[in-house]
Amino acid sequence: MVNDVEKRWNDPGAVRGAARYLAAVLVVTAAVFGVCVLWASGRDACAGDRMLCDTAAQGVTLLAPAAALLLGAIGAFVQTFRVWRRGGGWPIWQGAGWFALVLFMAYLSIGGGALAG
């Protein structure tokens, strides 16, 4: 069993797994954002006006990708717990969860600030 206080973790498989997981979360988030932008640009309510002209388009474009990032962060934290229970290198997955959570907060902050201004 690995001592939790000791921080010399060496688990290349877990690093690759966490990196692949984060890459997949980012690809899904980008795809969700793309679908939201396509939906918002094709709406009749915004014909001839800017793309995110009403509250529905703004809200969906802000909240749907944010939800994908949040679910990705929660999934990484769940995996952290599962790896910890097996006695594996859990800090790698915890780092992945925090990275996704920081991206979630940054996206909400930047997007919310842009919509408010």
# chains A, B, ... in the order shown; residues from 1 in each chain; ligands from 1

$ residues_around --residues "Gly111 in chain A" --least-positions-apart "2" --cutoff "12 Å" --atoms "only C-alpha atoms" --output "list of chain:residue names"
A:Phe33, A:Leu52, A:Gln58, A:Gly59, A:Val60, A:Thr61, A:Leu62, A:Leu63, A:Ala64, A:Pro65, A:Ala66, A:Leu103, A:Phe104, A:Met105, A:Ala106, A:Tyr107, A:Leu108, A:Ser109, A:Gly113, A:Ala114, A:Leu115, A:Ala116, A:Gly117

$ select_by_dssp --residues "range 9-107 of chain A" --states "alpha helix (DSSP H)" --output "PyMOL selection string"
chain A and resi 12-41+55-86+90-107

$ closest_residue --among "A:Ile92, A:Val102, A:Ile110, A:Ala31" --to "Asn10 in chain A" --atoms "only C-alpha atoms"
A:Ile92

$ residues_around --residues "Gln79 in chain A" --least-positions-apart "5" --cutoff "10 Å" --atoms "only C-alpha atoms" --output "PDB file with N, CA, C and O atoms, in the first residue's frame"
ATOM      1  N   ALA A  18      -5.739   9.548 -17.217  1.00  0.00           N
ATOM      2  CA  ALA A  18      -6.295  10.841 -16.825  1.00  0.00           C
ATOM      3  C   ALA A  18      -6.169  11.854 -17.966  1.00  0.00           C
ATOM      4  O   ALA A  18      -7.086  12.648 -18.201  1.00  0.00           O
ATOM      5  N   ALA A  73     -15.605  17.033 -14.535  1.00  0.00           N
ATOM      6  CA  ALA A  73     -14.905  17.186 -13.252  1.00  0.00           C
ATOM      7  C   ALA A  73     -15.444  16.208 -12.221  1.00  0.00           C
ATOM      8  O   ALA A  73     -14.672  15.555 -11.500  1.00  0.00           O
ATOM      9  N   ILE A  74     -16.756  16.075 -12.151  1.00  0.00           N
ATOM     10  CA  ILE A  74     -17.352  15.137 -11.209  1.00  0.00           C
ATOM     11  C   ILE A  74     -16.918  13.713 -11.532  1.00  0.00           C
ATOM     12  O   ILE A  74     -16.594  12.922 -10.636  1.00  0.00           O
ATOM     13  N   TRP A  84      -8.471   5.442  -5.323  1.00  0.00           N
ATOM     14  CA  TRP A  84      -8.025   5.489  -3.926  1.00  0.00           C
ATOM     15  C   TRP A  84      -8.441   4.215  -3.189  1.00  0.00           C
ATOM     16  O   TRP A  84      -7.656   3.652  -2.421  1.00  0.00           O
ATOM     17  N   ARG A  85      -9.679   3.753  -3.443  1.00  0.00           N
ATOM     18  CA  ARG A  85     -10.153   2.534  -2.792  1.00  0.00           C
ATOM     19  C   ARG A  85      -9.330   1.313  -3.188  1.00  0.00           C
ATOM     20  O   ARG A  85      -9.168   0.386  -2.403  1.00  0.00           O
ATOM     21  N   TRP A  90      -4.124   7.907  -6.777  1.00  0.00           N
ATOM     22  CA  TRP A  90      -5.306   8.764  -6.850  1.00  0.00           C
ATOM     23  C   TRP A  90      -5.013  10.245  -7.061  1.00  0.00           C
ATOM     24  O   TRP A  90      -5.851  10.940  -7.622  1.00  0.00           O
ATOM     25  N   TRP A  93      -5.691  11.537 -10.640  1.00  0.00           N
ATOM     26  CA  TRP A  93      -7.085  11.762 -11.006  1.00  0.00           C
ATOM     27  C   TRP A  93      -7.664  12.972 -10.288  1.00  0.00           C
ATOM     28  O   TRP A  93      -8.506  13.683 -10.828  1.00  0.00           O
ATOM     29  N   GLN A  94      -7.211  13.210  -9.079  1.00  0.00           N
ATOM     30  CA  GLN A  94      -7.683  14.392  -8.362  1.00  0.00           C
ATOM     31  C   GLN A  94      -7.222  15.653  -9.086  1.00  0.00           C
ATOM     32  O   GLN A  94      -7.976  16.617  -9.212  1.00  0.00           O
ATOM     33  N   ALA A  96      -6.707  15.890 -12.276  1.00  0.00           N
ATOM     34  CA  ALA A  96      -7.535  15.994 -13.476  1.00  0.00           C
ATOM     35  C   ALA A  96      -8.895  16.604 -13.127  1.00  0.00           C
ATOM     36  O   ALA A  96      -9.423  17.440 -13.874  1.00  0.00           O
ATOM     37  N   GLY A  97      -9.454  16.204 -12.000  1.00  0.00           N
ATOM     38  CA  GLY A  97     -10.739  16.761 -11.577  1.00  0.00           C
ATOM     39  C   GLY A  97     -10.651  18.243 -11.275  1.00  0.00           C
ATOM     40  O   GLY A  97     -11.519  19.023 -11.679  1.00  0.00           O
TER      41      GLY A  97
END

$ residues_around --residues "Val28 in chain A" --least-positions-apart "4" --cutoff "9 Å" --atoms "only C-alpha atoms" --output "list in words"
Ala23, Ala24, Val32, Phe33, Pro65, Ala68 and Leu69 of chain A

$ atom_distance --atom1 "CA of Ala30 in chain A" --atom2 "CA of Ala67 in chain A"
11.9 Å
